[in-house]
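**Q** Contents of query19.txt (compact mmCIF, C-alpha atoms) are given next:
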# COMPACT_ATOMS: atom_id res chain seq x y z
CA MET W 1 -106.91 -60.94 45.32
CA ILE W 2 -104.19 -58.82 46.95
CA LYS W 3 -101.96 -60.77 49.32
CA ARG W 4 -98.63 -60.38 51.03
CA LEU W 5 -95.98 -62.34 49.15
CA ASP W 6 -93.35 -64.62 50.63
CA LYS W 7 -90.13 -66.12 49.31
CA ARG W 8 -92.03 -68.64 47.19
CA TYR W 9 -92.83 -65.75 44.83
CA GLU W 10 -89.26 -64.46 44.59
CA LYS W 11 -88.58 -65.57 40.99
CA LYS W 12 -91.95 -64.32 39.75
CA VAL W 13 -91.44 -60.94 41.41
CA ILE W 14 -87.93 -60.53 39.99
CA ASP W 15 -89.07 -61.57 36.50
CA TYR W 16 -91.98 -59.13 36.70
CA LEU W 17 -89.78 -56.23 37.82
CA ASN W 18 -87.25 -57.02 35.10
CA LEU W 19 -89.88 -56.35 32.44
CA GLU W 20 -88.89 -52.70 32.99
CA ARG W 21 -85.67 -53.08 34.91
CA GLU W 22 -84.59 -49.42 34.70
CA ILE W 23 -87.79 -48.25 36.39
CA ASN W 24 -87.38 -50.94 39.04
CA THR W 25 -83.68 -50.46 39.82
CA PHE W 26 -84.41 -49.36 43.39
CA ASN W 27 -87.15 -51.96 43.86
CA LEU W 28 -84.80 -54.74 42.81
CA GLN W 29 -82.10 -53.45 45.16
CA GLU W 30 -84.45 -53.19 48.14
CA LEU W 31 -85.78 -56.68 47.46
CA LYS W 32 -82.20 -57.96 47.47
CA ASN W 33 -81.42 -56.08 50.69
CA TYR W 34 -84.54 -56.86 52.71
CA GLY W 35 -86.10 -60.00 51.24
CA PHE W 36 -89.61 -61.21 52.01
CA GLU W 37 -89.40 -61.93 55.73
CA ASN W 38 -89.01 -58.46 57.17
CA VAL W 39 -91.00 -56.52 59.75
CA PHE W 40 -90.66 -53.09 58.07
CA TYR W 41 -90.52 -54.19 54.41
CA LYS W 42 -93.56 -55.89 52.90
CA ILE W 43 -94.51 -56.85 49.35
CA TYR W 44 -98.13 -57.14 48.24
CA SER W 45 -99.52 -58.20 44.89
CA ASP W 46 -102.72 -59.01 43.05
CA ILE W 47 -102.34 -62.68 42.12
CA ASP W 48 -104.77 -64.14 39.58
CA GLU W 49 -106.06 -67.72 39.45
CA GLU W 50 -103.09 -68.82 37.33
CA GLY W 51 -100.63 -67.36 39.82
CA ASN W 52 -99.67 -64.39 37.67
CA ILE W 53 -98.70 -61.03 39.14
CA ASN W 54 -100.89 -58.06 38.18
CA GLY W 55 -99.24 -55.16 40.01
CA ILE W 56 -96.93 -54.98 43.04
CA LEU W 57 -97.05 -52.73 46.08
CA PHE W 58 -93.94 -52.32 48.24
CA LYS W 59 -94.24 -50.94 51.78
CA CYS W 60 -91.03 -49.87 53.53
CA PHE W 61 -91.89 -48.27 56.85
CA GLU W 62 -94.40 -45.52 55.90
CA TYR W 63 -93.31 -45.30 52.24
CA LEU W 64 -95.20 -47.05 49.45
CA THR W 65 -93.96 -47.82 45.95
CA PHE W 66 -96.31 -49.18 43.31
CA TYR W 67 -95.47 -50.82 40.02
CA ALA W 68 -97.56 -52.47 37.32
CA TYR W 69 -96.35 -53.54 33.90
CA LYS W 70 -99.64 -53.15 32.08
CA GLU W 71 -103.21 -53.27 33.35
CA PHE W 72 -104.05 -53.65 37.04
CA ASP W 73 -107.19 -53.60 39.17
CA ILE W 74 -107.29 -49.93 40.15
CA ASP W 75 -110.27 -50.20 42.50
CA GLN W 76 -108.87 -53.20 44.34
CA PHE W 77 -105.45 -51.60 44.91
CA CYS W 78 -106.94 -48.24 45.91
CA ASP W 79 -109.20 -49.90 48.44
CA PHE W 80 -106.24 -51.83 49.84
CA ILE W 81 -103.94 -48.77 49.98
CA SER W 82 -106.59 -46.61 51.64
CA LYS W 83 -106.48 -48.92 54.67
CA LEU W 84 -102.69 -48.67 55.09
CA GLU W 85 -100.72 -46.21 57.19
CA PHE W 86 -98.40 -44.32 54.82
CA SER W 87 -96.92 -40.86 54.25
CA GLU W 88 -96.22 -41.05 50.51
CA ILE W 89 -96.62 -43.27 47.48
CA SER W 90 -94.36 -43.22 44.44
CA GLY W 91 -93.91 -45.07 41.18
CA LYS W 92 -94.21 -44.92 37.42
CA SER W 93 -96.40 -41.91 36.66
CA SER W 94 -98.79 -43.75 34.34
CA CYS W 95 -99.74 -46.02 37.26
CA VAL W 96 -99.42 -43.87 40.36
CA ASP W 97 -101.19 -40.83 38.91
CA ILE W 98 -104.34 -42.93 38.52
CA ILE W 99 -104.14 -44.24 42.07
CA ALA W 100 -103.45 -40.79 43.51
CA LYS W 101 -106.42 -39.27 41.71
CA LYS W 102 -108.75 -41.92 43.05
CA LEU W 103 -107.37 -41.54 46.59
CA GLY W 104 -107.60 -37.75 46.41
CA LEU W 105 -103.87 -37.09 46.88
CA LEU W 106 -103.10 -33.58 45.63
CA LYS W 107 -99.56 -32.76 46.76
CA TYR W 108 -96.98 -34.28 44.45
CA ARG W 109 -93.60 -34.09 42.73
CA LYS W 110 -92.73 -35.45 39.28
CA VAL W 111 -89.30 -36.35 37.94
CA HIS W 112 -87.89 -37.71 34.69
CA LEU W 113 -86.28 -41.14 34.54
CA CYS W 114 -83.36 -41.29 32.10
CA ARG W 115 -81.01 -43.97 30.78
CA LEU W 116 -77.60 -43.69 29.16
CA ASP W 117 -76.77 -46.14 26.37
CA ASN W 118 -73.74 -44.37 24.88
CA ILE W 119 -71.90 -41.41 26.34
CA GLU W 120 -71.11 -38.33 24.29
CA LYS W 121 -67.47 -37.25 24.65
CA GLN W 122 -66.93 -33.88 26.29
CA ASN W 123 -64.12 -31.35 26.44
CA GLN W 124 -63.18 -31.80 30.08
CA ASN W 125 -60.10 -29.67 30.62
CA ILE W 126 -60.05 -28.66 34.27
CA ASP W 127 -57.43 -27.10 36.53
CA PRO W 128 -54.55 -29.63 36.68
CA ASN W 129 -54.21 -28.94 40.42
CA LEU W 130 -57.67 -30.46 41.01
CA LYS W 131 -57.46 -34.20 41.61
CA LEU W 132 -60.07 -36.73 40.43
CA ARG W 133 -60.32 -39.54 42.97
CA LYS W 134 -62.47 -42.57 43.62
CA ILE W 135 -64.86 -42.23 46.57
CA SER W 136 -63.92 -44.62 49.35
CA ILE W 137 -64.15 -45.03 53.10
CA PHE W 138 -61.01 -42.90 53.33
CA ASN W 139 -62.61 -39.72 51.98
CA ILE W 140 -66.21 -40.34 53.00
CA LYS W 141 -66.15 -37.67 55.74
CA LYS W 142 -65.12 -35.11 53.12
CA ILE W 143 -68.09 -36.22 50.98
CA VAL W 144 -70.46 -35.60 53.91
CA ASN W 145 -68.96 -32.14 54.32
CA LEU W 146 -69.71 -31.40 50.66
CA TYR W 147 -73.30 -32.61 51.05
CA GLU W 148 -73.71 -30.10 53.88
CA GLN W 149 -72.65 -27.28 51.53
CA ILE W 150 -75.17 -28.16 48.79
CA GLY W 151 -78.70 -26.99 49.49
CA GLU W 152 -80.37 -29.66 47.33
CA PHE W 153 -79.00 -32.48 49.49
CA GLN W 154 -80.28 -33.05 53.01
CA ASN W 155 -79.96 -35.48 55.91
CA THR W 156 -76.89 -37.28 54.58
CA THR W 157 -74.86 -39.33 57.05
CA ILE W 158 -71.65 -41.33 56.93
CA GLU W 159 -73.71 -44.46 57.55
CA GLY W 160 -75.95 -43.64 54.60
CA LEU W 161 -72.99 -43.05 52.30
CA ARG W 162 -71.34 -46.28 53.39
CA SER W 163 -74.57 -48.10 52.60
CA ASN W 164 -74.71 -46.50 49.14
CA LEU W 165 -71.12 -47.50 48.40
CA LYS W 166 -71.92 -51.12 49.22
CA SER W 167 -74.16 -51.21 46.16
CA GLY W 168 -72.38 -48.62 44.03
CA ARG W 169 -69.30 -46.45 43.49
CA GLY W 170 -68.37 -42.85 42.88
CA TYR W 171 -65.81 -40.25 41.88
CA CYS W 172 -64.97 -36.90 43.37
CA ILE W 173 -62.65 -33.95 42.81
CA GLU W 174 -60.51 -32.56 45.59
CA ASP W 175 -58.93 -29.16 46.03
CA ARG W 176 -56.48 -28.69 48.90
CA LYS W 177 -57.72 -31.82 50.68
CA LYS W 178 -61.37 -30.74 50.40
CA VAL W 179 -63.93 -32.54 48.21
CA ILE W 180 -65.57 -29.95 45.96
CA SER W 181 -67.47 -32.05 43.39
CA MET W 182 -68.85 -35.59 43.10
CA ALA W 183 -71.02 -38.14 41.31
CA LYS W 184 -72.05 -41.53 42.68
CA SER W 185 -74.03 -44.64 41.78
CA THR W 186 -76.13 -46.93 43.92
CA ALA W 187 -78.46 -49.93 43.52
CA GLU W 188 -76.07 -51.45 40.97
CA ASN W 189 -76.90 -54.80 39.41
CA LYS W 190 -75.61 -56.60 36.32
CA ASN W 191 -77.84 -54.49 34.06
CA THR W 192 -78.40 -51.04 35.59
CA ALA W 193 -77.17 -48.57 38.19
CA MET W 194 -78.83 -45.45 39.58
CA ILE W 195 -76.79 -42.24 39.48
CA ILE W 196 -77.16 -40.09 42.61
CA GLY W 197 -75.42 -37.25 44.41
CA VAL W 198 -74.19 -35.28 41.39
CA GLY W 199 -73.14 -31.91 42.71
CA THR W 200 -70.47 -29.25 43.17
CA HIS W 201 -69.67 -26.84 45.98
CA PRO W 202 -71.31 -23.45 45.16
CA LYS W 203 -67.93 -21.68 45.01
CA TYR W 204 -66.58 -24.08 42.34
CA ARG W 205 -69.49 -24.33 39.90
CA ASN W 206 -69.49 -23.72 36.12
CA GLN W 207 -66.06 -25.32 35.67
CA GLY W 208 -67.20 -28.71 34.39
CA LEU W 209 -66.20 -30.49 37.61
CA ALA W 210 -69.41 -32.50 38.15
CA THR W 211 -69.34 -33.42 34.46
CA LYS W 212 -65.80 -34.76 34.90
CA CYS W 213 -66.90 -36.97 37.79
CA LEU W 214 -70.07 -38.10 36.03
CA VAL W 215 -68.34 -38.96 32.76
CA LYS W 216 -65.68 -41.02 34.54
CA LEU W 217 -68.34 -42.89 36.50
CA CYS W 218 -70.58 -43.55 33.49
CA GLU W 219 -67.70 -44.65 31.26
CA GLU W 220 -66.68 -47.19 33.88
CA LEU W 221 -70.23 -48.53 34.23
CA LEU W 222 -70.79 -48.77 30.47
CA GLU W 223 -67.49 -50.61 29.99
CA GLN W 224 -68.87 -53.25 32.38
CA GLY W 225 -72.16 -53.51 30.48
CA ILE W 226 -74.13 -51.58 33.13
CA LYS W 227 -76.55 -48.89 31.93
CA PRO W 228 -76.50 -45.74 34.09
CA CYS W 229 -79.96 -44.37 34.99
CA LEU W 230 -81.01 -41.29 36.92
CA PHE W 231 -83.94 -39.17 38.05
CA TYR W 232 -84.07 -35.40 37.65
CA ASP W 233 -86.53 -32.53 37.87
CA ASN W 234 -84.07 -29.63 37.65
CA GLU W 235 -83.99 -28.38 34.07
CA GLU W 236 -80.44 -27.05 34.34
CA ALA W 237 -79.26 -30.49 35.42
CA GLY W 238 -81.38 -31.98 32.65
CA LYS W 239 -79.44 -29.99 30.05
CA LEU W 240 -76.19 -31.55 31.26
CA TYR W 241 -77.60 -35.07 31.29
CA ARG W 242 -79.06 -34.74 27.78
CA LYS W 243 -75.76 -33.33 26.53
CA LEU W 244 -73.99 -36.45 27.80
CA GLY W 245 -76.50 -38.69 26.04
CA PHE W 246 -79.09 -39.51 28.71
CA LYS W 247 -82.56 -40.03 27.25
CA THR W 248 -85.89 -39.87 29.08
CA ILE W 249 -87.54 -43.30 29.14
CA ASP W 250 -90.37 -42.64 31.60
CA ASN W 251 -91.65 -40.35 34.34
CA TRP W 252 -91.89 -40.96 38.07
CA SER W 253 -94.40 -39.46 40.51
CA ILE W 254 -94.27 -39.02 44.28
CA TYR W 255 -97.55 -38.20 46.02
CA TYR W 256 -97.70 -37.05 49.65
CA LYS W 257 -100.57 -37.98 51.91
CA ASN W 258 -100.47 -34.68 53.84
What does this structure look like when you write it as structure tokens?
**A**
Amino acid sequence: MIKRLDKRYEKKVIDYLNLEREINTFNLQELKNYGFENVFYKIYSDIDEEGNINGILFKCFEYLTFYAYKEFDIDQFCDFISKLEFSEISGKSSCVDIIAKKLGLLKYRKVHLCRLDNIEKQNQNIDPNLKLRKISIFNIKKIVNLYEQIGEFQNTTIEGLRSNLKSGRGYCIEDRKKVISMAKSTAENKNTAMIIGVGTHPKYRNQGLATKCLVKLCEELLEQGIKPCLFYDNEEAGKLYRKLGFKTIDNWSIYYKN
């Protein structure tokens, strides 16, 4: 039976998500941020007679995320989801693809989920006049300005970046007091961190600047026993990540209702 979970299930939910903690990095972070008693964030699960979890559905505003470790009752979850108001559903491809097919969702995007266990050293000689700096509240406006110059990134605000920095960190490169390249992490916990916002201003590309930022960030995380993870669907970016040592561990699907 699918039911909304409350704080009594917190340990079971965390243990279940930690069965594949890299896949659930964002789910674990959102659970930590929002908890069980929230108007816009709800957690549903199929609980068997022994109290075991057999699949979890997260609803944050109109966005759904589904996760199941192994088998789950497809018909029961699809029937439940079909009665919800939502704009998209995402999750591990092996689970969400089945749900989407049954619900008749046709518009989708797929990305690779990668993890870094050991980083491959790179030749990172860059212009000595370009300064590598840690991202902080003091240069956050410059980071927003860079986001506005990169077509792949949209709707970024100072508030959003501040929120990301609360659960992560980042490095950037400046040229004449302007941030021109960056790499950040978010949703950090004692085991994993999600890499986001890797990019360079169009006028400064092909100089190894984003690699410099990313390597510094990943080296710092690995030294602390934290495994960097990331999503990508751009093959050019994928070449860089694989060169550094990132390996694909799963695939992630996002299906849109309309």
**Q** Taking 2 positions as the minimum chain separation for residues in the same chain, which residues sit within 6 Å of segment 88-102 of chain W when counting all atoms listed in the file? Answer as a PyMOL selection string.
**A** chain W and resi 63-66+86+104-105+251-257
**Q** Scan for residues within 12 Å of the point (-65.0, -39.3, 56.5) in the coordinates of the file, using only C-alpha atoms, and reply as an MDAnalysis selection string.
**A** chainID W and resid 135:147 157:162 177:179
**Q** Write out, as a Markdown table, each residue of segment 85-201 of chain W that has an atom at most 6 Å from segment 243-247 of chain W, together with the closest pair of atoms and their distance in Å to one decimal, counting all atoms listed in the file, rows going by chain and rising number.
**A**
| residue | atom | partner | partner_atom | distance |
| --- | --- | --- | --- | --- |
| W:Cys114 | CA | W:Lys247 | CA | 5.1 |
| W:Arg115 | CA | W:Phe246 | CA | 5.3 |
| W:Leu116 | CA | W:Phe246 | CA | 4.5 |
| W:Ile119 | CA | W:Gly245 | CA | 5.4 |
| W:Glu120 | CA | W:Leu244 | CA | 4.9 |
**Q** So, counting only C-alpha atoms, which residue among W:Ile2, W:Lys110, W:Glu20, W:Arg205 is closest to Glu49 of chain W?
**A**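 Checking each candidate against Glu49 of chain W, we get W:Ile2 as the closest.
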**Q** Restricting the calculation to only C-alpha atoms: of W:Gln76, W:Asn27, W:Ser82, W:Gln149, which residue gets closest to Cys60 of chain W?
**A**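 Closest residue, counting only C-alpha atoms: W:Asn27.
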**Q** With a cut-off of 8 Å, could you pull out the residues of segment 163-239 of chain W touching segment 124-132 of chain W and give me the nearest pair of atoms for each, distance in Å to one decimal, using all atoms listed in the file, ordered by chain and ascending number, as a Markdown table?
**A**
| residue | atom | partner | partner_atom | distance |
| --- | --- | --- | --- | --- |
| W:Tyr171 | CA | W:Leu132 | CA | 6.9 |
| W:Cys172 | CA | W:Leu132 | CA | 5.7 |
| W:Ile173 | CA | W:Leu132 | CA | 4.5 |
| W:Glu174 | CA | W:Lys131 | CA | 5.3 |
| W:Asp175 | CA | W:Leu130 | CA | 5.3 |
| W:Gln207 | CA | W:Ile126 | CA | 7.0 |
| W:Gly208 | CA | W:Gln124 | CA | 6.7 |
| W:Leu209 | CA | W:Ile126 | CA | 7.2 |
| W:Thr211 | CA | W:Gln124 | CA | 7.7 |
| W:Lys212 | CA | W:Gln124 | CA | 6.2 |
| W:Cys213 | CA | W:Leu132 | CA | 7.3 |
**Q** Limited to C-alpha atoms, could you put the picked residues into a file as a PDB file, in the frame of the given file?
**A**
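Output file out31.pdb follows:
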ATOM      1  CA  TYR W 171     -65.810 -40.250  41.880  1.00  0.00           C
ATOM      2  CA  CYS W 172     -64.970 -36.900  43.370  1.00  0.00           C
ATOM      3  CA  ILE W 173     -62.650 -33.950  42.810  1.00  0.00           C
ATOM      4  CA  GLU W 174     -60.510 -32.560  45.590  1.00  0.00           C
ATOM      5  CA  ASP W 175     -58.930 -29.160  46.030  1.00  0.00           C
ATOM      6  CA  GLN W 207     -66.060 -25.320  35.670  1.00  0.00           C
ATOM      7  CA  GLY W 208     -67.200 -28.710  34.390  1.00  0.00           C
ATOM      8  CA  LEU W 209     -66.200 -30.490  37.610  1.00  0.00           C
ATOM      9  CA  THR W 211     -69.340 -33.420  34.460  1.00  0.00           C
ATOM     10  CA  LYS W 212     -65.800 -34.760  34.900  1.00  0.00           C
ATOM     11  CA  CYS W 213     -66.900 -36.970  37.790  1.00  0.00           C
TER      12      CYS W 213
END
**Q** To one decimal place, how far is atom CA of Ala210 of chain W from atom CA of Asn234 of chain W in Å?
**A** 14.9 Å
**Q** Hey, which of W:Tyr16, W:Tyr232, W:Phe58, W:Phe77 ends up closest to Tyr34 of chain W? Count only C-alpha atoms.
**A**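 Result for the nearest residue to Tyr34 of chain W: W:Phe58.
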**Q** Measuring atom to atom with all atoms listed in the file, identify which of W:Glu220, W:Glu152, W:Glu188, W:Asp15 is nearest to Pro202 of chain W.
**A**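 Going through W:Glu220, W:Glu152, W:Glu188, W:Asp15 one by one, the smallest distance to Pro202 of chain W is for W:Glu152.
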**Q** Take atom CA of Gln122 of chain W and atom CA of Lys239 of chain W and report the distance between them in Å, one decimal.
**A**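 Pair atom CA of Gln122 of chain W / atom CA of Lys239 of chain W returns 13.6 Å.
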**Q** So how many Å separate atom CA of Arg109 of chain W and atom CA of Ala187 of chain W, to one decimal?
**A**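 Computing it gives 21.9 Å between the two atoms.
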**Q** Measuring atom to atom with all atoms listed in the file, identify which of W:Lys59, W:Leu230, W:Gln224, W:Leu19 is nearest to Asn189 of chain W.
**A** W:Gln224
